[in-house]
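S.K.: Pasting model10.cif here (mmCIF, N, CA and C atoms and all ligand atoms):
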```cif
data_upload
loop_
_atom_site.label_atom_id
_atom_site.label_comp_id
_atom_site.auth_asym_id
_atom_site.auth_seq_id
_atom_site.Cartn_x
_atom_site.Cartn_y
_atom_site.Cartn_z
N MET E 1 -101.54 6.47 -12.27
CA MET E 1 -102.28 5.98 -11.12
C MET E 1 -101.63 4.67 -10.66
N PRO E 2 -100.60 4.77 -9.84
CA PRO E 2 -99.85 3.57 -9.43
C PRO E 2 -100.67 2.57 -8.63
N GLN E 3 -101.75 3.05 -7.99
CA GLN E 3 -102.58 2.12 -7.21
C GLN E 3 -103.33 1.13 -8.10
N PHE E 4 -103.36 1.38 -9.42
CA PHE E 4 -104.04 0.49 -10.36
C PHE E 4 -103.07 -0.45 -11.08
N ALA E 5 -101.85 -0.58 -10.58
CA ALA E 5 -100.83 -1.39 -11.26
C ALA E 5 -101.22 -2.87 -11.34
N ALA E 6 -101.92 -3.39 -10.33
CA ALA E 6 -102.22 -4.81 -10.29
C ALA E 6 -103.64 -5.14 -10.71
N VAL E 7 -104.33 -4.20 -11.35
CA VAL E 7 -105.74 -4.43 -11.69
C VAL E 7 -106.01 -4.14 -13.15
N THR E 8 -107.17 -4.63 -13.59
CA THR E 8 -107.72 -4.26 -14.89
C THR E 8 -108.83 -3.26 -14.64
N VAL E 9 -108.79 -2.12 -15.31
CA VAL E 9 -109.85 -1.13 -15.18
C VAL E 9 -110.89 -1.46 -16.24
N ASP E 10 -112.06 -1.90 -15.80
CA ASP E 10 -113.13 -2.29 -16.73
C ASP E 10 -113.88 -1.09 -17.28
N SER E 11 -114.08 -0.06 -16.46
CA SER E 11 -114.77 1.13 -16.95
C SER E 11 -114.46 2.33 -16.07
N VAL E 12 -114.64 3.49 -16.63
CA VAL E 12 -114.53 4.76 -15.91
C VAL E 12 -115.81 5.52 -16.19
N GLU E 13 -116.55 5.87 -15.13
CA GLU E 13 -117.83 6.54 -15.28
C GLU E 13 -117.80 7.86 -14.51
N MET E 14 -118.41 8.86 -15.10
CA MET E 14 -118.53 10.15 -14.42
C MET E 14 -120.00 10.44 -14.18
N ASP E 15 -120.30 10.99 -13.01
CA ASP E 15 -121.65 11.46 -12.72
C ASP E 15 -121.54 12.72 -11.89
N GLY E 16 -122.63 13.21 -11.40
CA GLY E 16 -122.61 14.44 -10.63
C GLY E 16 -121.85 14.36 -9.33
N ASP E 17 -121.54 13.14 -8.90
CA ASP E 17 -120.86 12.93 -7.63
C ASP E 17 -119.37 12.65 -7.80
N GLY E 18 -118.87 12.64 -9.03
CA GLY E 18 -117.44 12.39 -9.25
C GLY E 18 -117.20 11.33 -10.29
N VAL E 19 -116.10 10.63 -10.12
CA VAL E 19 -115.71 9.62 -11.09
C VAL E 19 -115.60 8.26 -10.39
N ARG E 20 -116.05 7.22 -11.09
CA ARG E 20 -116.00 5.85 -10.54
C ARG E 20 -115.19 4.96 -11.47
N PHE E 21 -114.27 4.22 -10.88
CA PHE E 21 -113.46 3.26 -11.61
C PHE E 21 -113.93 1.86 -11.22
N ARG E 22 -114.35 1.08 -12.20
CA ARG E 22 -114.71 -0.32 -11.92
C ARG E 22 -113.50 -1.17 -12.27
N ILE E 23 -112.99 -1.88 -11.27
CA ILE E 23 -111.73 -2.61 -11.45
C ILE E 23 -111.87 -4.05 -10.97
N ARG E 24 -110.89 -4.87 -11.38
CA ARG E 24 -110.77 -6.24 -10.85
C ARG E 24 -109.30 -6.62 -10.87
N ALA E 25 -108.92 -7.47 -9.95
CA ALA E 25 -107.52 -7.89 -9.85
C ALA E 25 -107.15 -8.76 -11.05
N ARG E 26 -105.89 -8.64 -11.49
CA ARG E 26 -105.41 -9.46 -12.61
C ARG E 26 -104.84 -10.79 -12.14
N ALA E 27 -104.40 -10.87 -10.90
CA ALA E 27 -103.76 -12.09 -10.40
C ALA E 27 -104.75 -13.26 -10.44
N ALA E 28 -104.26 -14.45 -10.77
CA ALA E 28 -105.12 -15.62 -10.84
C ALA E 28 -105.37 -16.22 -9.46
N ASP E 29 -104.50 -15.90 -8.50
CA ASP E 29 -104.65 -16.48 -7.16
C ASP E 29 -104.40 -15.41 -6.10
N ALA E 30 -104.59 -15.79 -4.85
CA ALA E 30 -104.36 -14.88 -3.73
C ALA E 30 -103.88 -15.69 -2.54
N ALA E 31 -103.16 -15.01 -1.63
CA ALA E 31 -102.64 -15.68 -0.44
C ALA E 31 -103.68 -15.63 0.68
N CYS E 32 -103.85 -16.77 1.34
CA CYS E 32 -104.79 -16.87 2.46
C CYS E 32 -104.31 -15.96 3.59
N SER E 33 -105.25 -15.22 4.18
CA SER E 33 -104.89 -14.33 5.29
C SER E 33 -104.63 -15.11 6.57
N GLY E 34 -105.03 -16.38 6.61
CA GLY E 34 -104.79 -17.20 7.79
C GLY E 34 -103.46 -17.92 7.77
N CYS E 35 -103.13 -18.56 6.63
CA CYS E 35 -101.92 -19.38 6.57
C CYS E 35 -100.93 -18.93 5.49
N GLY E 36 -101.33 -18.04 4.61
CA GLY E 36 -100.42 -17.54 3.58
C GLY E 36 -100.34 -18.40 2.34
N ARG E 37 -101.02 -19.54 2.32
CA ARG E 37 -100.97 -20.43 1.15
C ARG E 37 -101.77 -19.83 -0.01
N LEU E 38 -101.23 -19.95 -1.21
CA LEU E 38 -101.93 -19.43 -2.39
C LEU E 38 -103.08 -20.34 -2.77
N SER E 39 -104.16 -19.72 -3.21
CA SER E 39 -105.31 -20.48 -3.68
C SER E 39 -105.86 -19.80 -4.94
N SER E 40 -106.30 -20.60 -5.89
CA SER E 40 -106.94 -20.06 -7.09
C SER E 40 -108.38 -20.54 -7.20
N ARG E 41 -108.87 -21.19 -6.14
CA ARG E 41 -110.24 -21.71 -6.15
C ARG E 41 -111.21 -20.63 -5.64
N VAL E 42 -111.95 -20.04 -6.57
CA VAL E 42 -112.86 -18.94 -6.22
C VAL E 42 -114.11 -19.52 -5.58
N HIS E 43 -114.46 -19.00 -4.43
CA HIS E 43 -115.63 -19.44 -3.68
C HIS E 43 -116.83 -18.53 -3.96
N ALA E 44 -116.60 -17.22 -4.05
CA ALA E 44 -117.68 -16.25 -4.29
C ALA E 44 -117.07 -14.94 -4.76
N ARG E 45 -117.93 -14.05 -5.20
CA ARG E 45 -117.50 -12.71 -5.63
C ARG E 45 -118.45 -11.69 -5.03
N TYR E 46 -117.91 -10.50 -4.78
CA TYR E 46 -118.76 -9.40 -4.32
C TYR E 46 -118.12 -8.08 -4.72
N GLN E 47 -118.90 -7.01 -4.63
CA GLN E 47 -118.38 -5.69 -4.97
C GLN E 47 -118.03 -4.94 -3.70
N ARG E 48 -116.96 -4.19 -3.78
CA ARG E 48 -116.51 -3.40 -2.65
C ARG E 48 -116.25 -1.98 -3.15
N GLU E 49 -116.76 -0.98 -2.43
CA GLU E 49 -116.58 0.41 -2.85
C GLU E 49 -115.60 1.09 -1.93
N LEU E 50 -114.58 1.73 -2.54
CA LEU E 50 -113.56 2.44 -1.79
C LEU E 50 -113.46 3.87 -2.29
N SER E 51 -113.22 4.79 -1.40
CA SER E 51 -112.93 6.16 -1.81
C SER E 51 -111.45 6.24 -2.13
N ASP E 52 -111.11 7.02 -3.17
CA ASP E 52 -109.72 7.13 -3.60
C ASP E 52 -109.34 8.60 -3.70
N LEU E 53 -108.07 8.87 -3.97
CA LEU E 53 -107.61 10.24 -4.16
C LEU E 53 -108.40 10.90 -5.28
N PRO E 54 -108.70 12.20 -5.17
CA PRO E 54 -109.44 12.90 -6.22
C PRO E 54 -108.70 12.88 -7.56
N VAL E 55 -109.47 12.96 -8.64
CA VAL E 55 -108.92 13.03 -9.99
C VAL E 55 -109.37 14.36 -10.59
N SER E 56 -108.43 15.23 -10.90
CA SER E 56 -108.72 16.56 -11.46
C SER E 56 -109.78 17.29 -10.65
N GLY E 57 -109.66 17.20 -9.33
CA GLY E 57 -110.59 17.91 -8.45
C GLY E 57 -111.92 17.22 -8.24
N LEU E 58 -112.12 16.06 -8.86
CA LEU E 58 -113.37 15.32 -8.70
C LEU E 58 -113.18 14.20 -7.68
N ARG E 59 -114.21 13.96 -6.87
CA ARG E 59 -114.18 12.86 -5.94
C ARG E 59 -114.07 11.54 -6.71
N ALA E 60 -113.21 10.66 -6.26
CA ALA E 60 -113.00 9.40 -6.97
C ALA E 60 -113.40 8.22 -6.09
N ARG E 61 -114.06 7.26 -6.73
CA ARG E 61 -114.44 6.02 -6.04
C ARG E 61 -113.99 4.84 -6.88
N VAL E 62 -113.62 3.79 -6.19
CA VAL E 62 -113.21 2.56 -6.85
C VAL E 62 -114.23 1.49 -6.50
N ILE E 63 -114.84 0.91 -7.53
CA ILE E 63 -115.76 -0.22 -7.33
C ILE E 63 -114.96 -1.46 -7.71
N ALA E 64 -114.57 -2.23 -6.71
CA ALA E 64 -113.69 -3.37 -6.94
C ALA E 64 -114.51 -4.66 -6.94
N ALA E 65 -114.32 -5.49 -7.96
CA ALA E 65 -114.91 -6.83 -7.99
C ALA E 65 -113.94 -7.74 -7.23
N ILE E 66 -114.31 -8.07 -6.01
CA ILE E 66 -113.43 -8.84 -5.11
C ILE E 66 -113.85 -10.30 -5.14
N ARG E 67 -112.84 -11.17 -5.20
CA ARG E 67 -113.11 -12.61 -5.15
C ARG E 67 -112.84 -13.12 -3.74
N ARG E 68 -113.69 -14.06 -3.34
CA ARG E 68 -113.48 -14.74 -2.08
C ARG E 68 -113.00 -16.14 -2.44
N PHE E 69 -111.83 -16.53 -1.94
CA PHE E 69 -111.22 -17.81 -2.29
C PHE E 69 -111.43 -18.83 -1.18
N LYS E 70 -111.37 -20.10 -1.56
CA LYS E 70 -111.40 -21.19 -0.58
C LYS E 70 -109.95 -21.54 -0.26
N CYS E 71 -109.62 -21.61 1.02
CA CYS E 71 -108.27 -22.02 1.42
C CYS E 71 -108.18 -23.54 1.29
N LEU E 72 -107.13 -23.98 0.58
CA LEU E 72 -106.97 -25.41 0.30
C LEU E 72 -106.11 -26.11 1.34
N ASN E 73 -105.68 -25.40 2.37
CA ASN E 73 -104.86 -25.99 3.43
C ASN E 73 -105.78 -26.59 4.49
N PRO E 74 -105.80 -27.94 4.63
CA PRO E 74 -106.71 -28.55 5.61
C PRO E 74 -106.37 -28.19 7.05
N GLN E 75 -105.15 -27.72 7.30
CA GLN E 75 -104.74 -27.36 8.67
C GLN E 75 -105.17 -25.93 9.03
N CYS E 76 -105.60 -25.17 8.03
CA CYS E 76 -105.92 -23.75 8.26
C CYS E 76 -107.31 -23.61 8.87
N ALA E 77 -107.43 -22.75 9.86
CA ALA E 77 -108.72 -22.52 10.52
C ALA E 77 -109.65 -21.66 9.67
N GLN E 78 -109.10 -20.97 8.67
CA GLN E 78 -109.90 -20.07 7.84
C GLN E 78 -110.30 -20.83 6.57
N SER E 79 -111.58 -21.08 6.39
CA SER E 79 -112.00 -21.86 5.22
C SER E 79 -112.04 -21.01 3.96
N THR E 80 -112.41 -19.72 4.08
CA THR E 80 -112.43 -18.82 2.92
C THR E 80 -111.76 -17.51 3.32
N PHE E 81 -111.33 -16.77 2.31
CA PHE E 81 -110.71 -15.46 2.57
C PHE E 81 -110.93 -14.57 1.35
N SER E 82 -110.94 -13.27 1.57
CA SER E 82 -111.09 -12.29 0.49
C SER E 82 -109.72 -11.85 0.01
N GLU E 83 -109.61 -11.66 -1.32
CA GLU E 83 -108.34 -11.19 -1.86
C GLU E 83 -108.13 -9.73 -1.47
N GLN E 84 -106.87 -9.36 -1.31
CA GLN E 84 -106.48 -7.97 -1.11
C GLN E 84 -105.66 -7.55 -2.32
N ILE E 85 -105.91 -6.38 -2.84
CA ILE E 85 -105.18 -5.88 -4.00
C ILE E 85 -104.09 -4.94 -3.50
N PRO E 86 -102.82 -5.28 -3.76
CA PRO E 86 -101.72 -4.48 -3.22
C PRO E 86 -101.83 -3.01 -3.63
N GLY E 87 -101.68 -2.13 -2.64
CA GLY E 87 -101.73 -0.69 -2.90
C GLY E 87 -103.12 -0.12 -3.04
N LEU E 88 -104.13 -0.97 -2.96
CA LEU E 88 -105.50 -0.51 -3.18
C LEU E 88 -106.46 -0.90 -2.06
N THR E 89 -106.35 -2.13 -1.58
CA THR E 89 -107.27 -2.56 -0.52
C THR E 89 -106.50 -3.04 0.69
N THR E 90 -107.11 -2.84 1.84
CA THR E 90 -106.65 -3.42 3.10
C THR E 90 -107.90 -3.95 3.80
N PRO E 91 -107.76 -4.95 4.68
CA PRO E 91 -108.95 -5.54 5.30
C PRO E 91 -109.86 -4.49 5.96
N PHE E 92 -111.13 -4.54 5.61
CA PHE E 92 -112.21 -3.73 6.20
C PHE E 92 -112.11 -2.24 5.88
N ALA E 93 -111.12 -1.78 5.13
CA ALA E 93 -110.96 -0.35 4.85
C ALA E 93 -111.97 0.11 3.81
N ARG E 94 -112.44 1.34 3.93
CA ARG E 94 -113.36 1.95 2.97
C ARG E 94 -112.65 3.01 2.12
N ARG E 95 -111.35 3.17 2.37
CA ARG E 95 -110.53 4.12 1.62
C ARG E 95 -109.29 3.39 1.11
N THR E 96 -108.72 3.90 0.01
CA THR E 96 -107.47 3.35 -0.47
C THR E 96 -106.33 3.88 0.41
N PRO E 97 -105.20 3.16 0.47
CA PRO E 97 -104.07 3.66 1.27
C PRO E 97 -103.59 5.05 0.85
N PRO E 98 -103.54 5.40 -0.46
CA PRO E 98 -103.13 6.77 -0.80
C PRO E 98 -104.07 7.84 -0.23
N LEU E 99 -105.38 7.58 -0.25
CA LEU E 99 -106.33 8.56 0.32
C LEU E 99 -106.16 8.63 1.83
N THR E 100 -106.01 7.50 2.48
CA THR E 100 -105.79 7.50 3.93
C THR E 100 -104.54 8.30 4.27
N GLY E 101 -103.47 8.13 3.50
CA GLY E 101 -102.24 8.88 3.74
C GLY E 101 -102.45 10.38 3.58
N ALA E 102 -103.20 10.79 2.56
CA ALA E 102 -103.47 12.22 2.35
C ALA E 102 -104.31 12.79 3.50
N LEU E 103 -105.31 12.02 3.95
CA LEU E 103 -106.17 12.51 5.04
C LEU E 103 -105.40 12.59 6.36
N VAL E 104 -104.46 11.67 6.57
CA VAL E 104 -103.62 11.74 7.78
C VAL E 104 -102.78 13.01 7.75
N LYS E 105 -102.24 13.36 6.57
CA LYS E 105 -101.45 14.59 6.46
C LYS E 105 -102.31 15.82 6.75
N VAL E 106 -103.54 15.84 6.24
CA VAL E 106 -104.44 16.96 6.52
C VAL E 106 -104.74 17.02 8.01
N ALA E 107 -105.03 15.86 8.62
CA ALA E 107 -105.38 15.83 10.03
C ALA E 107 -104.22 16.28 10.91
N LEU E 108 -103.00 15.92 10.54
CA LEU E 108 -101.85 16.31 11.35
C LEU E 108 -101.52 17.79 11.17
N SER E 109 -101.91 18.38 10.04
CA SER E 109 -101.63 19.79 9.79
C SER E 109 -102.71 20.69 10.37
N VAL E 110 -103.97 20.37 10.07
CA VAL E 110 -105.09 21.18 10.56
C VAL E 110 -106.16 20.22 11.07
N ALA E 111 -106.12 19.95 12.34
CA ALA E 111 -107.03 18.97 12.92
C ALA E 111 -108.45 19.53 13.04
N GLY E 112 -109.38 18.67 13.37
CA GLY E 112 -110.74 19.07 13.69
C GLY E 112 -111.54 19.54 12.50
N ARG E 113 -112.46 20.49 12.76
CA ARG E 113 -113.38 20.96 11.71
C ARG E 113 -112.66 21.65 10.56
N ALA E 114 -111.57 22.37 10.85
CA ALA E 114 -110.82 23.02 9.76
C ALA E 114 -110.26 21.96 8.82
N GLY E 115 -109.75 20.88 9.37
CA GLY E 115 -109.24 19.79 8.53
C GLY E 115 -110.34 19.13 7.73
N ALA E 116 -111.50 18.95 8.34
CA ALA E 116 -112.64 18.35 7.62
C ALA E 116 -113.08 19.25 6.47
N ARG E 117 -113.11 20.58 6.70
CA ARG E 117 -113.49 21.52 5.63
C ARG E 117 -112.45 21.49 4.51
N LEU E 118 -111.17 21.49 4.89
CA LEU E 118 -110.11 21.46 3.88
C LEU E 118 -110.20 20.17 3.06
N ALA E 119 -110.36 19.05 3.71
CA ALA E 119 -110.45 17.77 2.98
C ALA E 119 -111.66 17.75 2.06
N ALA E 120 -112.80 18.27 2.53
CA ALA E 120 -114.00 18.31 1.68
C ALA E 120 -113.76 19.22 0.48
N GLY E 121 -113.07 20.35 0.69
CA GLY E 121 -112.77 21.27 -0.40
C GLY E 121 -111.82 20.66 -1.42
N LEU E 122 -111.02 19.69 -1.00
CA LEU E 122 -110.09 18.99 -1.90
C LEU E 122 -110.72 17.74 -2.48
N ALA E 123 -112.04 17.57 -2.37
CA ALA E 123 -112.77 16.40 -2.89
C ALA E 123 -112.36 15.12 -2.17
N MET E 124 -112.03 15.23 -0.87
CA MET E 124 -111.69 14.06 -0.06
C MET E 124 -112.52 14.07 1.23
N PRO E 125 -113.85 14.07 1.11
CA PRO E 125 -114.65 14.18 2.35
C PRO E 125 -114.45 13.00 3.28
ZN ZN E 201 -105.44 -20.71 4.94
#
```
When written as structure tokens, how does the structure in this file appear?
Ligand SMILES: [Zn+2]

M.R.:
Amino acid sequence: MPQFAAVTVDSVEMDGDGVRFRIRARAADAACSGCGRLSSRVHARYQRELSDLPVSGLRARVIAAIRRFKCLNPQCAQSTFSEQIPGLTTPFARRTPPLTGALVKVALSVAGRAGARLAAGLAMP
């Protein structure tokens, strides 16, 4: 699972709806999305849920413990920013980049309702 290269997997849980991975980033700091300066001063934490590629035919979800950092650059207009985990999160996305890539391939091959049925059948609703 290359999308988990930069994270620690805290737990893997299975239920009737699929499998859930609880993860957190290993990096001690993150780059500000406004100015690019690194910060290690954590301002807050929250959970973010992302859909991921299926695992053995089961729907997969990633529950990420995301840190919100304070930007230490006084010239920066952005006072806080959320960390992004490479290969796993992008701003405001509810899917991982690998799942988005797979769904784009399905959409380009069989668009519309047929594509939606195929994606649902592949555990990628
Ligand atoms: Zn900044």

S.K.: Which residue, E:Asp15, E:Glu83, E:Asp52, E:Asp29, has the smallest gap to Leu103 of chain E when you use only C-alpha atoms?

M.R.: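 Using only C-alpha atoms, Leu103 of chain E sits closest to E:Asp52.
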
S.K.: Kindly give the distance, in Å, that separates atom N of Ala93 of chain E and atom N of Leu53 of chain E, rounded to a single decimal.

M.R.: 14.3 Å

S.K.: Applying 8 Å and only C-alpha atoms, which residues near Ala123 of chain E remain after dropping the ones on its own chain fewer than 2 positions away? List them as a list of chain:residue names.

M.R.: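 These residues fall inside the cut-off: E:Pro54, E:Gly57, E:Leu58, E:Arg59, E:Ala119, E:Ala120, E:Gly121, E:Pro125.
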
S.K.: Excluding Thr80 of chain E and any residue of its chain fewer than 4 positions from it, enumerate the residues within 6.5 Å of it, using only N, CA and C atoms, and give them as a PyMOL selection string.

M.R.: chain E and resi 68-71

S.K.: Pick out the residues no farther than 6 Å from ligand ZN 201 (chain E), counting all atoms listed in the file, and list them as a PyMOL selection string.

M.R.: chain E and resi 32-37+71-73+76-78

S.K.: Kindly complete segment 4-15 of chain E to all heavy atoms; the output should be written as a CSV table (one decimal), in the frame of the given file.

M.R.:
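Output contents, as saved in out-v1.csv:
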```
chain,number,residue,atom,x,y,z
E,4,PHE,N,-103.4,1.4,-9.4
E,4,PHE,CA,-104.0,0.5,-10.4
E,4,PHE,C,-103.1,-0.4,-11.1
E,4,PHE,O,-103.4,-1.1,-12.1
E,4,PHE,CB,-104.8,1.3,-11.4
E,4,PHE,CG,-106.0,2.0,-10.8
E,4,PHE,CD1,-106.7,3.0,-11.5
E,4,PHE,CD2,-106.6,1.6,-9.6
E,4,PHE,CE1,-107.8,3.7,-11.0
E,4,PHE,CE2,-107.7,2.3,-9.1
E,4,PHE,CZ,-108.3,3.3,-9.8
E,5,ALA,N,-101.8,-0.6,-10.6
E,5,ALA,CA,-100.8,-1.4,-11.3
E,5,ALA,C,-101.2,-2.9,-11.3
E,5,ALA,O,-100.9,-3.5,-12.3
E,5,ALA,CB,-99.5,-1.2,-10.6
E,6,ALA,N,-101.9,-3.4,-10.3
E,6,ALA,CA,-102.2,-4.8,-10.3
E,6,ALA,C,-103.6,-5.1,-10.7
E,6,ALA,O,-104.1,-6.2,-10.5
E,6,ALA,CB,-102.0,-5.3,-8.9
E,7,VAL,N,-104.3,-4.2,-11.4
E,7,VAL,CA,-105.7,-4.4,-11.7
E,7,VAL,C,-106.0,-4.1,-13.2
E,7,VAL,O,-105.2,-3.5,-13.8
E,7,VAL,CB,-106.7,-3.6,-10.8
E,7,VAL,CG1,-106.5,-3.8,-9.3
E,7,VAL,CG2,-106.5,-2.1,-11.1
E,8,THR,N,-107.2,-4.6,-13.6
E,8,THR,CA,-107.7,-4.3,-14.9
E,8,THR,C,-108.8,-3.3,-14.6
E,8,THR,O,-109.7,-3.5,-13.8
E,8,THR,CB,-108.3,-5.5,-15.6
E,8,THR,OG1,-107.2,-6.4,-15.9
E,8,THR,CG2,-109.0,-5.1,-16.9
E,9,VAL,N,-108.8,-2.1,-15.3
E,9,VAL,CA,-109.8,-1.1,-15.2
E,9,VAL,C,-110.9,-1.5,-16.2
E,9,VAL,O,-110.6,-1.3,-17.4
E,9,VAL,CB,-109.3,0.3,-15.4
E,9,VAL,CG1,-110.4,1.3,-15.3
E,9,VAL,CG2,-108.2,0.6,-14.3
E,10,ASP,N,-112.1,-1.9,-15.8
E,10,ASP,CA,-113.1,-2.3,-16.7
E,10,ASP,C,-113.9,-1.1,-17.3
E,10,ASP,O,-114.3,-1.1,-18.4
E,10,ASP,CB,-114.1,-3.2,-16.0
E,10,ASP,CG,-113.5,-4.6,-15.8
E,10,ASP,OD1,-112.7,-5.1,-16.6
E,10,ASP,OD2,-113.8,-5.2,-14.7
E,11,SER,N,-114.1,-0.1,-16.5
E,11,SER,CA,-114.8,1.1,-17.0
E,11,SER,C,-114.5,2.3,-16.1
E,11,SER,O,-114.1,2.2,-14.9
E,11,SER,CB,-116.3,0.9,-17.0
E,11,SER,OG,-116.8,0.8,-15.7
E,12,VAL,N,-114.6,3.5,-16.6
E,12,VAL,CA,-114.5,4.8,-15.9
E,12,VAL,C,-115.8,5.5,-16.2
E,12,VAL,O,-116.2,5.8,-17.3
E,12,VAL,CB,-113.3,5.6,-16.4
E,12,VAL,CG1,-113.2,6.9,-15.6
E,12,VAL,CG2,-112.0,4.8,-16.2
E,13,GLU,N,-116.6,5.9,-15.1
E,13,GLU,CA,-117.8,6.5,-15.3
E,13,GLU,C,-117.8,7.9,-14.5
E,13,GLU,O,-117.2,7.9,-13.4
E,13,GLU,CB,-119.0,5.7,-14.7
E,13,GLU,CG,-119.0,4.3,-15.3
E,13,GLU,CD,-119.7,3.3,-14.4
E,13,GLU,OE1,-120.3,3.7,-13.4
E,13,GLU,OE2,-119.6,2.1,-14.7
E,14,MET,N,-118.4,8.9,-15.1
E,14,MET,CA,-118.5,10.2,-14.4
E,14,MET,C,-120.0,10.4,-14.2
E,14,MET,O,-120.8,10.2,-15.0
E,14,MET,CB,-117.9,11.3,-15.3
E,14,MET,CG,-116.4,11.2,-15.3
E,14,MET,SD,-115.7,12.6,-16.2
E,14,MET,CE,-116.2,14.0,-15.2
E,15,ASP,N,-120.3,11.0,-13.0
E,15,ASP,CA,-121.6,11.5,-12.7
E,15,ASP,C,-121.5,12.7,-11.9
E,15,ASP,O,-120.4,13.3,-11.7
E,15,ASP,CB,-122.5,10.4,-12.0
E,15,ASP,CG,-121.9,9.9,-10.7
E,15,ASP,OD1,-121.1,10.7,-10.1
E,15,ASP,OD2,-122.2,8.8,-10.3
```
